[in-house]
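The next block is entry24.txt, given as compact mmCIF, C-alpha atoms and all ligand atoms.
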```
# COMPACT_ATOMS: atom_id res chain seq x y z
CA ALA A 245 1.84 1.22 -3.92
CA LEU A 246 0.30 -2.23 -4.34
CA VAL A 247 -1.40 -3.23 -1.07
CA SER A 248 -3.34 -6.26 0.11
CA MET A 249 -7.11 -6.18 0.32
CA ARG A 250 -6.97 -7.13 4.00
CA GLN A 251 -4.80 -4.14 4.85
CA LEU A 252 -7.09 -1.71 3.03
CA LEU A 253 -10.38 -3.15 4.35
CA ASP A 254 -9.07 -3.23 7.92
CA HIS A 255 -8.35 0.49 7.59
CA ALA A 256 -11.80 1.07 6.08
CA ALA A 257 -13.47 -0.78 8.97
CA GLU A 258 -11.47 1.13 11.54
CA HIS A 259 -12.52 4.44 10.01
CA GLY A 260 -16.05 3.47 8.93
CA TYR A 261 -15.83 3.94 5.19
CA GLY A 262 -16.42 1.75 2.11
CA VAL A 263 -14.27 1.28 -0.98
CA PRO A 264 -15.72 1.00 -4.47
CA ALA A 265 -14.13 -1.87 -6.41
CA PHE A 266 -14.22 -0.96 -10.09
CA ASN A 267 -13.86 -3.52 -12.86
CA VAL A 268 -11.13 -2.72 -15.35
CA ASN A 269 -10.85 -3.85 -18.97
CA ASN A 270 -8.96 -1.10 -20.75
CA VAL A 271 -6.70 1.92 -20.33
CA GLU A 272 -9.61 4.38 -20.37
CA GLN A 273 -11.21 2.78 -17.29
CA MET A 274 -7.86 2.57 -15.55
CA ARG A 275 -7.18 6.28 -16.18
CA ALA A 276 -10.68 7.30 -15.06
CA ILE A 277 -10.34 5.38 -11.79
CA MET A 278 -6.84 6.70 -11.03
CA GLU A 279 -7.57 10.32 -11.94
CA ALA A 280 -10.63 10.20 -9.67
CA ALA A 281 -8.62 8.61 -6.85
CA ASP A 282 -5.88 11.19 -7.29
CA GLN A 283 -8.36 14.09 -7.20
CA THR A 284 -10.12 12.80 -4.09
CA ASN A 285 -7.11 11.20 -2.38
CA SER A 286 -8.76 7.77 -2.28
CA PRO A 287 -7.37 4.24 -2.04
CA VAL A 288 -8.24 2.04 -5.02
CA ILE A 289 -9.50 -1.48 -5.62
CA VAL A 290 -9.37 -2.51 -9.28
CA GLN A 291 -10.62 -5.92 -10.28
CA ALA A 292 -10.25 -8.05 -13.37
CA SER A 293 -13.10 -10.41 -14.27
CA ALA A 294 -12.77 -13.56 -16.36
CA GLY A 295 -14.37 -11.57 -19.18
CA ALA A 296 -11.75 -8.84 -18.79
CA ARG A 297 -8.94 -11.36 -18.87
CA LYS A 298 -10.43 -12.84 -22.04
CA TYR A 299 -10.84 -9.39 -23.63
CA ALA A 300 -7.53 -7.75 -22.78
CA GLY A 301 -5.39 -10.69 -21.69
CA ALA A 302 -4.17 -11.11 -18.12
CA PRO A 303 -0.66 -9.71 -18.79
CA PHE A 304 -2.10 -6.52 -20.33
CA LEU A 305 -4.43 -6.05 -17.35
CA ARG A 306 -1.63 -6.71 -14.91
CA HIS A 307 0.63 -4.15 -16.57
CA LEU A 308 -2.21 -1.60 -16.77
CA ILE A 309 -2.56 -1.86 -13.02
CA LEU A 310 1.21 -1.77 -12.47
CA ALA A 311 1.37 1.31 -14.70
CA ALA A 312 -1.25 2.94 -12.48
CA VAL A 313 0.89 2.21 -9.42
CA GLU A 314 3.91 3.69 -11.18
CA GLU A 315 2.16 6.88 -12.28
CA PHE A 316 0.31 7.40 -8.97
CA PRO A 317 2.80 6.10 -6.36
CA HIS A 318 0.99 7.88 -3.51
CA ILE A 319 -2.29 5.97 -4.08
CA PRO A 320 -2.69 2.52 -2.45
CA VAL A 321 -3.94 0.04 -5.07
CA VAL A 322 -5.39 -3.45 -4.60
CA MET A 323 -5.05 -5.67 -7.68
CA HIS A 324 -7.99 -8.02 -7.28
CA GLN A 325 -9.22 -10.98 -9.31
CA ASP A 326 -13.03 -10.88 -9.55
CA HIS A 327 -15.17 -14.09 -9.39
CA GLY A 328 -12.62 -16.91 -9.54
CA THR A 329 -14.48 -20.12 -10.33
CA SER A 330 -11.94 -22.54 -8.82
CA PRO A 331 -8.82 -22.63 -6.64
CA SER A 332 -6.70 -23.17 -9.76
CA VAL A 333 -8.05 -19.98 -11.37
CA CYS A 334 -7.07 -18.14 -8.18
CA GLN A 335 -3.67 -19.81 -8.22
CA ARG A 336 -2.94 -18.52 -11.73
CA SER A 337 -3.81 -14.96 -10.68
CA ILE A 338 -1.63 -15.23 -7.59
CA GLN A 339 1.25 -16.36 -9.80
CA LEU A 340 0.63 -13.30 -12.00
CA GLY A 341 1.03 -11.03 -8.98
CA PHE A 342 -2.56 -10.19 -7.95
CA SER A 343 -2.66 -9.00 -4.33
CA SER A 344 -6.17 -10.33 -3.77
CA VAL A 345 -8.48 -12.95 -5.27
CA MET A 346 -12.15 -13.83 -5.08
CA MET A 347 -12.96 -17.51 -4.75
CA ASP A 348 -16.64 -17.59 -5.70
CA GLY A 349 -17.66 -21.06 -4.58
CA SER A 350 -21.35 -20.11 -4.56
CA LEU A 351 -21.36 -21.16 -8.21
CA GLY A 352 -19.69 -24.12 -9.91
CA THR A 353 -16.69 -24.04 -12.23
CA ASP A 354 -19.03 -23.02 -15.09
CA GLY A 355 -19.75 -19.81 -13.15
CA LYS A 356 -23.48 -20.54 -13.48
CA THR A 357 -24.70 -23.48 -11.44
CA PRO A 358 -25.44 -22.90 -7.73
CA THR A 359 -23.41 -25.23 -5.51
CA ASP A 360 -24.05 -26.75 -2.13
CA TYR A 361 -22.66 -25.37 1.11
CA ASP A 362 -20.06 -28.08 1.67
CA TYR A 363 -18.59 -27.60 -1.82
CA ASN A 364 -18.35 -23.86 -1.24
CA VAL A 365 -16.58 -24.35 2.11
CA ARG A 366 -14.15 -26.88 0.62
CA VAL A 367 -13.01 -24.87 -2.43
CA THR A 368 -12.83 -21.65 -0.41
CA GLN A 369 -10.69 -23.32 2.27
CA GLU A 370 -8.38 -24.57 -0.47
CA ALA A 371 -8.05 -21.10 -2.05
CA VAL A 372 -7.47 -19.45 1.34
CA ALA A 373 -4.71 -21.90 2.31
CA MET A 374 -2.89 -21.22 -0.94
CA ALA A 375 -3.44 -17.45 -1.01
CA HIS A 376 -2.56 -16.80 2.62
CA ALA A 377 0.71 -18.69 2.18
CA CYS A 378 1.56 -16.06 -0.47
CA GLY A 379 0.34 -13.05 1.50
CA VAL A 380 -2.69 -12.68 -0.79
CA SER A 381 -6.20 -11.87 0.54
CA VAL A 382 -9.31 -13.87 -0.32
CA GLU A 383 -12.92 -12.79 -0.80
CA GLY A 384 -15.49 -15.60 -0.55
CA GLU A 385 -19.18 -15.55 -1.43
CA LEU A 386 -22.11 -17.09 0.37
CA GLY A 387 -25.52 -16.91 -1.30
CA CYS A 388 -26.34 -16.37 -4.98
CA LEU A 389 -26.81 -12.99 -6.59
CA GLY A 390 -30.28 -12.77 -8.06
CA SER A 391 -33.45 -10.77 -8.34
CA LEU A 392 -35.95 -11.16 -5.51
CA GLU A 393 -38.52 -9.84 -8.02
CA THR A 394 -38.06 -12.54 -10.66
CA GLY A 395 -35.68 -15.20 -9.33
CA GLU A 396 -33.39 -14.52 -12.30
CA ALA A 397 -29.64 -14.42 -11.77
CA GLY A 398 -29.17 -11.27 -13.82
CA GLU A 399 -28.66 -10.54 -17.47
CA GLU A 400 -25.86 -9.47 -19.76
CA ASP A 401 -22.74 -11.48 -20.33
CA GLY A 402 -21.76 -11.36 -16.68
CA ILE A 403 -21.78 -14.34 -14.42
CA GLY A 404 -25.23 -15.67 -13.65
CA ALA A 405 -26.77 -18.81 -12.23
CA GLU A 406 -28.75 -21.11 -14.48
CA GLY A 407 -32.52 -21.40 -14.13
CA LYS A 408 -34.52 -19.85 -11.31
CA LEU A 409 -33.14 -19.25 -7.86
CA THR A 410 -35.15 -19.68 -4.69
CA HIS A 411 -35.74 -16.81 -2.27
CA ASP A 412 -33.48 -18.54 0.29
CA GLN A 413 -30.59 -18.91 -2.15
CA MET A 414 -30.70 -15.17 -2.80
CA LEU A 415 -30.46 -14.09 0.84
CA THR A 416 -27.34 -14.93 2.84
CA ASP A 417 -28.22 -16.50 6.19
CA PRO A 418 -26.40 -14.86 9.15
CA GLU A 419 -25.85 -18.14 11.03
CA GLU A 420 -24.47 -19.88 7.96
CA ALA A 421 -22.28 -16.82 7.26
CA ALA A 422 -20.77 -17.10 10.74
CA ASP A 423 -19.98 -20.78 10.21
CA PHE A 424 -18.59 -20.11 6.71
CA VAL A 425 -16.20 -17.40 7.88
CA LYS A 426 -15.08 -19.52 10.84
CA GLN A 427 -14.38 -22.55 8.64
CA THR A 428 -12.77 -20.76 5.68
CA LYS A 429 -11.01 -17.77 7.30
CA VAL A 430 -11.82 -15.54 4.33
CA ASP A 431 -10.70 -11.90 4.57
CA ALA A 432 -13.96 -10.58 3.15
CA LEU A 433 -17.39 -12.08 2.48
CA ALA A 434 -19.65 -11.27 -0.45
CA ILE A 435 -23.29 -11.60 0.54
CA ALA A 436 -26.53 -11.93 -1.40
CA ILE A 437 -29.23 -9.36 -0.63
CA GLY A 438 -31.23 -9.17 -3.86
CA THR A 439 -28.75 -7.43 -6.14
CA SER A 440 -27.66 -8.92 -9.46
CA HIS A 441 -25.00 -8.13 -12.04
CA GLY A 442 -25.70 -5.89 -15.03
CA ALA A 443 -28.12 -3.07 -15.79
CA TYR A 444 -31.37 -4.97 -15.20
CA LYS A 445 -31.54 -5.27 -11.43
CA PHE A 446 -34.97 -3.90 -10.58
CA THR A 447 -38.06 -3.03 -12.64
CA ARG A 448 -38.93 -0.25 -10.16
CA PRO A 449 -37.00 1.87 -7.65
CA PRO A 450 -36.13 -0.79 -5.07
CA THR A 451 -37.83 -1.06 -1.70
CA GLY A 452 -36.96 -3.31 1.26
CA ASP A 453 -38.80 -6.34 -0.15
CA ILE A 454 -36.51 -6.55 -3.21
CA LEU A 455 -33.31 -4.97 -1.84
CA ALA A 456 -32.69 -6.46 1.59
CA ILE A 457 -30.48 -3.91 3.33
CA GLU A 458 -31.93 -5.20 6.63
CA GLN A 459 -30.21 -8.53 5.91
CA ILE A 460 -26.85 -6.73 5.97
CA LYS A 461 -27.60 -5.48 9.47
CA ALA A 462 -28.47 -9.00 10.66
CA ILE A 463 -25.30 -10.46 9.15
CA HIS A 464 -23.12 -7.66 10.51
CA GLN A 465 -24.60 -8.12 13.97
CA ARG A 466 -23.69 -11.82 13.88
CA ILE A 467 -20.14 -11.36 12.42
CA PRO A 468 -19.15 -7.75 13.25
CA ASP A 469 -15.46 -8.33 12.48
CA THR A 470 -15.99 -9.62 8.92
CA HIS A 471 -15.63 -7.21 6.02
CA LEU A 472 -18.78 -7.50 3.91
CA VAL A 473 -18.83 -7.11 0.12
CA MET A 474 -21.77 -5.99 -2.02
CA HIS A 475 -21.73 -7.22 -5.61
CA GLY A 476 -24.05 -5.90 -8.31
CA SER A 477 -23.87 -2.45 -6.74
CA SER A 478 -24.18 -0.21 -9.76
CA SER A 479 -26.75 2.53 -9.28
CA VAL A 480 -27.74 2.56 -12.99
CA PRO A 481 -27.83 6.39 -13.28
CA GLN A 482 -31.08 7.55 -14.87
CA ASP A 483 -29.35 10.57 -16.46
CA TRP A 484 -26.94 8.33 -18.38
CA LEU A 485 -29.79 6.03 -19.48
CA ALA A 486 -31.56 9.12 -20.85
CA ILE A 487 -28.45 10.26 -22.74
CA ILE A 488 -27.87 6.78 -24.22
CA ASN A 489 -31.48 6.64 -25.42
CA GLU A 490 -31.45 10.24 -26.68
CA TYR A 491 -28.53 9.40 -28.96
CA GLY A 492 -29.80 6.21 -30.56
CA GLY A 493 -29.60 3.69 -27.72
CA GLU A 494 -32.47 1.42 -26.73
CA ILE A 495 -32.26 0.57 -23.07
CA PRO A 496 -35.60 -0.24 -21.42
CA GLU A 497 -36.69 1.24 -18.08
CA THR A 498 -34.55 -0.22 -15.30
CA TYR A 499 -33.22 0.64 -11.84
CA GLY A 500 -30.07 -0.06 -9.84
CA VAL A 501 -28.98 0.16 -6.22
CA PRO A 502 -29.44 3.71 -4.89
CA VAL A 503 -26.26 5.27 -3.48
CA GLU A 504 -28.14 6.00 -0.20
CA GLU A 505 -28.83 2.28 0.26
CA ILE A 506 -25.13 1.52 -0.22
CA GLN A 507 -24.32 4.20 2.36
CA GLU A 508 -26.69 2.41 4.75
CA GLY A 509 -24.81 -0.83 4.07
CA ILE A 510 -21.47 0.88 4.78
CA LYS A 511 -22.83 1.87 8.20
CA HIS A 512 -23.31 -1.86 8.82
CA GLY A 513 -20.07 -3.52 7.80
CA VAL A 514 -19.98 -3.23 3.99
CA ARG A 515 -16.40 -2.35 3.05
CA LYS A 516 -16.11 -3.29 -0.64
CA VAL A 517 -18.70 -2.23 -3.20
CA ASN A 518 -18.45 -3.77 -6.68
CA ILE A 519 -19.22 -1.46 -9.60
CA ASP A 520 -18.88 -2.24 -13.29
CA THR A 521 -22.15 -1.43 -15.09
CA ASP A 522 -22.21 2.27 -14.09
CA LEU A 523 -18.89 2.88 -15.85
CA ARG A 524 -20.11 0.97 -18.91
CA LEU A 525 -23.26 3.11 -19.09
CA ALA A 526 -21.38 6.40 -18.64
CA SER A 527 -18.81 5.40 -21.25
CA THR A 528 -21.43 4.39 -23.81
CA GLY A 529 -23.53 7.50 -23.22
CA ALA A 530 -20.55 9.83 -23.57
CA ILE A 531 -19.35 8.15 -26.77
CA ARG A 532 -22.83 8.03 -28.36
CA ARG A 533 -23.34 11.72 -27.61
CA PHE A 534 -19.94 12.76 -28.92
CA LEU A 535 -20.26 10.81 -32.17
CA ALA A 536 -23.80 12.09 -32.77
CA ASN A 537 -22.69 15.69 -32.23
CA ASN A 538 -19.43 15.32 -34.19
CA PRO A 539 -20.24 13.10 -37.18
CA ALA A 540 -17.08 14.05 -39.08
CA GLU A 541 -14.76 13.14 -36.20
CA PHE A 542 -12.87 9.85 -36.47
CA ASP A 543 -9.96 10.10 -34.04
CA PRO A 544 -10.80 7.53 -31.33
CA ARG A 545 -8.89 9.60 -28.76
CA LYS A 546 -11.51 12.32 -29.11
CA TYR A 547 -14.45 10.15 -28.12
CA LEU A 548 -12.49 7.97 -25.71
CA LYS A 549 -11.50 11.13 -23.86
CA GLU A 550 -15.21 11.82 -23.36
CA SER A 551 -15.55 8.29 -22.06
CA ILE A 552 -12.74 8.83 -19.54
CA THR A 553 -14.29 12.06 -18.25
CA ALA A 554 -17.73 10.48 -17.86
CA MET A 555 -16.35 7.45 -15.99
CA ARG A 556 -14.07 9.63 -13.86
CA ASP A 557 -17.01 11.70 -12.65
CA ILE A 558 -18.87 8.56 -11.53
CA CYS A 559 -15.75 7.35 -9.69
CA ILE A 560 -15.35 10.72 -7.94
CA ALA A 561 -19.01 10.67 -6.88
CA ARG A 562 -18.67 7.13 -5.42
CA TYR A 563 -15.38 7.91 -3.62
CA GLU A 564 -17.08 10.87 -1.99
CA ALA A 565 -20.37 9.14 -1.20
CA PHE A 566 -18.73 6.06 0.35
CA GLY A 567 -16.34 8.09 2.53
CA THR A 568 -13.31 6.73 0.66
CA ALA A 569 -12.10 10.23 -0.21
CA GLY A 570 -9.25 11.50 1.94
CA ASN A 571 -8.11 8.02 3.01
CA ALA A 572 -5.27 7.33 0.57
O1 LIG A 601 -18.91 -10.00 -12.45
C1 LIG A 601 -19.45 -9.22 -13.22
C2 LIG A 601 -18.72 -8.04 -13.75
O2 LIG A 601 -19.65 -7.06 -14.13
C3 LIG A 601 -17.80 -8.44 -14.88
O3 LIG A 601 -18.49 -8.75 -16.04
O4 LIG A 601 -17.49 -10.85 -16.97
O5 LIG A 601 -18.62 -9.17 -18.46
O6 LIG A 601 -16.40 -8.65 -17.43
P1 LIG A 601 -17.71 -9.40 -17.31
P1 LIG A 602 -22.62 -4.24 -11.45
O1 LIG A 602 -23.03 -5.02 -12.66
O2 LIG A 602 -23.81 -3.81 -10.64
O3 LIG A 602 -21.76 -3.07 -11.79
O4 LIG A 602 -21.78 -5.22 -10.49
C1 LIG A 602 -20.43 -5.53 -10.76
C2 LIG A 602 -19.91 -6.67 -9.92
O5 LIG A 602 -20.51 -7.11 -8.96
C3 LIG A 602 -18.61 -7.24 -10.33
O6 LIG A 602 -18.24 -8.33 -9.55
ZN ZN A 603 -19.77 -9.62 -8.88
```

How does the structure come out when it is put into structure tokens?
Amino acid sequence: ALVSMRQLLDHAAEHGYGVPAFNVNNVEQMRAIMEAADQTNSPVIVQASAGARKYAGAPFLRHLILAAVEEFPHIPVVMHQDHGTSPSVCQRSIQLGFSSVMMDGSLGTDGKTPTDYDYNVRVTQEAVAMAHACGVSVEGELGCLGSLETGEAGEEDGIGAEGKLTHDQMLTDPEEAADFVKQTKVDALAIAIGTSHGAYKFTRPPTGDILAIEQIKAIHQRIPDTHLVMHGSSSVPQDWLAIINEYGGEIPETYGVPVEEIQEGIKHGVRKVNIDTDLRLASTGAIRRFLANNPAEFDPRKYLKESITAMRDICIARYEAFGTAGNA
């Protein structure tokens, strides 16, 4: 059944688990996520980014998610819009039937330029008023995702701020977070702790100076009743990087957010964990390997099946590691 984000995250908080929120762009990702949820009896958050809506079209994404609900009626599913850049973007998604939206007022309508605090409060308040009137949950964001190593917002074609970010912009302040939640009444708050979108998060296995898990504890202590969200939470599996590079890929050395650090976050109020890149890496590695080993094969279902299996195994591992399993 389709459920609201608020309902699911309240349950997660009550029982001390986290929920991975996987980005969805195509039927293979949707199947991987649902098969994994079915096998582990986990509730699901699927989210559509602006890039996904541009790639597949919002109606296709919507019906993919509705198809998942139809085929797996026993699994609770949140249909979430990722990184809305304005209240009107959120409004369109609500009209399409999304049960949850993100109003990311930390960046401007271009999805790149950092905004000031008052702007963020104003647009988030506007989105919340509209969404709550329709029974839809809202995730806000305070602080900008970015690398504490380099000040860069993160690579790839994901959303990223322009120019360099300051250290302060990349760490959410607990006091400001308390004021933001009070003023906006968001259902969940995305925080900045040194993670960034895409595969190039850290040039070395992260330590506390570049991945600020301690900041989560400080924020959670100040606003214990707020559901916290970690973006840029792919772990960038080294085994999949090796497979991609073994079969013709060229991905330089890079590191993601270790699953153990996410587990530490979940102990301190993190309830939603955004993951996109890990599924992209697993999918690419599986397809590269299959095509290299089966050069005469040309039925896309053959290699896309490998992609589904690879993504499904990552989903299963996250559902188990975050304590989501068994909570559907
Ligand atoms: O927000 C970042 C997600 O990884 C989505 O990326 O805009 O390329 O779909 P995308
Ligand atoms: P990753 O790029 O680490 O998978 O993060 C995805 C994300 O935060 C989507 O909003
Ligand atoms: Zn994100």

Practice problem: Just give me the gap between CA of Lys429 (chain A) and CA of Arg297 (chain A) in Å, one decimal is fine. | Solution: 27.0 Å

Quiz item: How would you write, as a PyMOL selection string, the set of residues no farther than 9 Å from ligand LIG 602 (chain A) when counting all atoms listed in the file?
Solution: chain A and resi 265-267+291-293+326-327+389+398+400+402-403+439-445+474-480+500-501+517-524

Practice problem: Tell me which of A:Gly328, A:Pro287, A:Gly452, A:Gly262 sits closest to ligand ZN 603 (chain A), counting all atoms listed in the file. | Solution: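 Checking each candidate against ligand ZN 603 (chain A), we get A:Gly328 as the closest.
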
Quiz item: For ligand ZN 603 (chain A), which of A:His324, A:Arg545, A:His471, A:Lys511 is the closest residue, counting only C-alpha atoms and all ligand atoms?
Solution: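 Answer, going by the shortest atom-to-atom distance: A:His324.
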
Exercise. Considering only C-alpha atoms and all ligand atoms, state which residue in the set A:Val290, A:Ile506, A:Val263, A:Leu386 is at the smallest distance from ligand LIG 601 (chain A).
Key: A:Val290

Practice problem: List the residues sitting within 8 Å of (-23.8, -14.3, 16.9) in the file's frame, using only C-alpha atoms, as a list of chain:residue names. | Solution: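 Output: A:Glu419, A:Ala422, A:Gln465, A:Arg466, A:Ile467.
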
Quiz prompt | Atomic separation - CA of Ser350 (chain A) relative to CA of Ser381 (chain A), Å | solution =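 So the answer is 18.0 Å.
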
Report as a PDB file with C-alpha atoms, in the frame of the given file all protein, DNA and RNA residues lying within 12 Å of Val382 (chain A), evaluated on all atoms listed in the file, omitting residues in the same chain fewer than 4 positions from it.
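Final output, saved to out.pdb:
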```
ATOM      1  CA  SER A 248      -3.340  -6.260   0.110  1.00  0.00           C
ATOM      2  CA  MET A 249      -7.110  -6.180   0.320  1.00  0.00           C
ATOM      3  CA  ARG A 250      -6.970  -7.130   4.000  1.00  0.00           C
ATOM      4  CA  GLN A 251      -4.800  -4.140   4.850  1.00  0.00           C
ATOM      5  CA  LEU A 253     -10.380  -3.150   4.350  1.00  0.00           C
ATOM      6  CA  VAL A 322      -5.390  -3.450  -4.600  1.00  0.00           C
ATOM      7  CA  MET A 323      -5.050  -5.670  -7.680  1.00  0.00           C
ATOM      8  CA  HIS A 324      -7.990  -8.020  -7.280  1.00  0.00           C
ATOM      9  CA  GLN A 325      -9.220 -10.980  -9.310  1.00  0.00           C
ATOM     10  CA  ASP A 326     -13.030 -10.880  -9.550  1.00  0.00           C
ATOM     11  CA  HIS A 327     -15.170 -14.090  -9.390  1.00  0.00           C
ATOM     12  CA  GLY A 328     -12.620 -16.910  -9.540  1.00  0.00           C
ATOM     13  CA  PRO A 331      -8.820 -22.630  -6.640  1.00  0.00           C
ATOM     14  CA  CYS A 334      -7.070 -18.140  -8.180  1.00  0.00           C
ATOM     15  CA  GLN A 335      -3.670 -19.810  -8.220  1.00  0.00           C
ATOM     16  CA  SER A 337      -3.810 -14.960 -10.680  1.00  0.00           C
ATOM     17  CA  ILE A 338      -1.630 -15.230  -7.590  1.00  0.00           C
ATOM     18  CA  PHE A 342      -2.560 -10.190  -7.950  1.00  0.00           C
ATOM     19  CA  SER A 343      -2.660  -9.000  -4.330  1.00  0.00           C
ATOM     20  CA  SER A 344      -6.170 -10.330  -3.770  1.00  0.00           C
ATOM     21  CA  VAL A 345      -8.480 -12.950  -5.270  1.00  0.00           C
ATOM     22  CA  MET A 346     -12.150 -13.830  -5.080  1.00  0.00           C
ATOM     23  CA  MET A 347     -12.960 -17.510  -4.750  1.00  0.00           C
ATOM     24  CA  ASP A 348     -16.640 -17.590  -5.700  1.00  0.00           C
ATOM     25  CA  GLY A 349     -17.660 -21.060  -4.580  1.00  0.00           C
ATOM     26  CA  VAL A 367     -13.010 -24.870  -2.430  1.00  0.00           C
ATOM     27  CA  THR A 368     -12.830 -21.650  -0.410  1.00  0.00           C
ATOM     28  CA  GLN A 369     -10.690 -23.320   2.270  1.00  0.00           C
ATOM     29  CA  GLU A 370      -8.380 -24.570  -0.470  1.00  0.00           C
ATOM     30  CA  ALA A 371      -8.050 -21.100  -2.050  1.00  0.00           C
ATOM     31  CA  VAL A 372      -7.470 -19.450   1.340  1.00  0.00           C
ATOM     32  CA  ALA A 373      -4.710 -21.900   2.310  1.00  0.00           C
ATOM     33  CA  MET A 374      -2.890 -21.220  -0.940  1.00  0.00           C
ATOM     34  CA  ALA A 375      -3.440 -17.450  -1.010  1.00  0.00           C
ATOM     35  CA  HIS A 376      -2.560 -16.800   2.620  1.00  0.00           C
ATOM     36  CA  ALA A 377       0.710 -18.690   2.180  1.00  0.00           C
ATOM     37  CA  CYS A 378       1.560 -16.060  -0.470  1.00  0.00           C
ATOM     38  CA  VAL A 425     -16.200 -17.400   7.880  1.00  0.00           C
ATOM     39  CA  THR A 428     -12.770 -20.760   5.680  1.00  0.00           C
ATOM     40  CA  LYS A 429     -11.010 -17.770   7.300  1.00  0.00           C
ATOM     41  CA  VAL A 430     -11.820 -15.540   4.330  1.00  0.00           C
ATOM     42  CA  ASP A 431     -10.700 -11.900   4.570  1.00  0.00           C
ATOM     43  CA  ALA A 432     -13.960 -10.580   3.150  1.00  0.00           C
ATOM     44  CA  LEU A 433     -17.390 -12.080   2.480  1.00  0.00           C
ATOM     45  CA  ALA A 434     -19.650 -11.270  -0.450  1.00  0.00           C
ATOM     46  CA  HIS A 471     -15.630  -7.210   6.020  1.00  0.00           C
ATOM     47  CA  VAL A 473     -18.830  -7.110   0.120  1.00  0.00           C
TER      48      VAL A 473
END
```

Exercise. Give the answer as one residue: which of A:Ile552, A:Leu310, A:Ile487, A:Met414 has the shortest atom-to-atom distance to Ala245 (chain A), using only C-alpha atoms?
Key: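 Using only C-alpha atoms, Ala245 (chain A) sits closest to A:Leu310.
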
Self-check item: Nearest to Tyr563 (chain A) by atom-to-atom distance, counting all atoms listed in the file, from A:Leu246, A:Ala257, A:Ile510, A:Ala281
Solution: A:Ala281

Quiz prompt | Atom pair CA of Leu308 (chain A) / CA of Pro320 (chain A): separation (Å) | solution = 14.9 Å

Quiz item: Which is closer to ligand ZN 603 (chain A) than all the others in A:Ile531, A:Leu305, A:Cys388, A:Ile460, using only C-alpha atoms and all ligand atoms?
Solution: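 Using only C-alpha atoms and all ligand atoms, the shortest distance to ligand ZN 603 (chain A) belongs to A:Cys388.
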
Quiz item: Taking (-18.6, -25.5, -11.1) in the file's coordinates, which residues come within 12 Å, counting all atoms listed in the file, written as an MDAnalysis selection string?
Solution: chainID A and resid 328:331 333 347:360 363:364 367 405:406

Exercise. Name all residues at most 12 Å from Leu535 (chain A) (count all atoms listed in the file; drop same-chain ones fewer than 2 positions away) and give them as a PyMOL selection string.
Key: chain A and resi 488+491-492+528-533+537-548+550-551

Exercise. Compile the contact shell of Ala561 (chain A) as a ChimeraX atom specification: residues with an atom at most 12 Å away, counting all atoms listed in the file, same-chain residues fewer than 3 positions apart removed.
Key: /A:264,277,280-281,283-284,286,479,481,503,522-523,554-558,564-569

Could you model N, CA and C atoms for region 323-334 of chain A and present them as a short mmCIF file (atom, residue, chain, number, x, y, z; two decimals), in the coordinates of the input?
```
data_model
loop_
_atom_site.label_atom_id
_atom_site.label_comp_id
_atom_site.auth_asym_id
_atom_site.auth_seq_id
_atom_site.Cartn_x
_atom_site.Cartn_y
_atom_site.Cartn_z
N MET A 323 -4.86 -5.01 -6.38
CA MET A 323 -5.05 -5.67 -7.68
C MET A 323 -5.82 -6.96 -7.41
N HIS A 324 -7.10 -6.94 -7.71
CA HIS A 324 -7.99 -8.02 -7.28
C HIS A 324 -8.53 -8.81 -8.47
N GLN A 325 -8.59 -10.13 -8.30
CA GLN A 325 -9.22 -10.98 -9.31
C GLN A 325 -10.68 -11.20 -8.93
N ASP A 326 -11.59 -10.79 -9.81
CA ASP A 326 -13.03 -10.88 -9.55
C ASP A 326 -13.53 -12.29 -9.90
N HIS A 327 -14.46 -12.82 -9.10
CA HIS A 327 -15.17 -14.09 -9.39
C HIS A 327 -14.30 -15.23 -9.95
N GLY A 328 -13.35 -15.70 -9.16
CA GLY A 328 -12.62 -16.91 -9.54
C GLY A 328 -13.53 -18.11 -9.38
N THR A 329 -13.55 -18.99 -10.38
CA THR A 329 -14.48 -20.12 -10.33
C THR A 329 -13.87 -21.40 -9.75
N SER A 330 -12.57 -21.37 -9.43
CA SER A 330 -11.94 -22.54 -8.82
C SER A 330 -10.63 -22.12 -8.15
N PRO A 331 -10.12 -22.95 -7.24
CA PRO A 331 -8.82 -22.63 -6.64
C PRO A 331 -7.71 -22.50 -7.68
N SER A 332 -7.79 -23.27 -8.78
CA SER A 332 -6.70 -23.17 -9.76
C SER A 332 -6.74 -21.85 -10.54
N VAL A 333 -7.95 -21.32 -10.76
CA VAL A 333 -8.05 -19.98 -11.37
C VAL A 333 -7.39 -18.95 -10.45
N CYS A 334 -7.66 -19.07 -9.15
CA CYS A 334 -7.07 -18.14 -8.18
C CYS A 334 -5.55 -18.30 -8.16
#
```
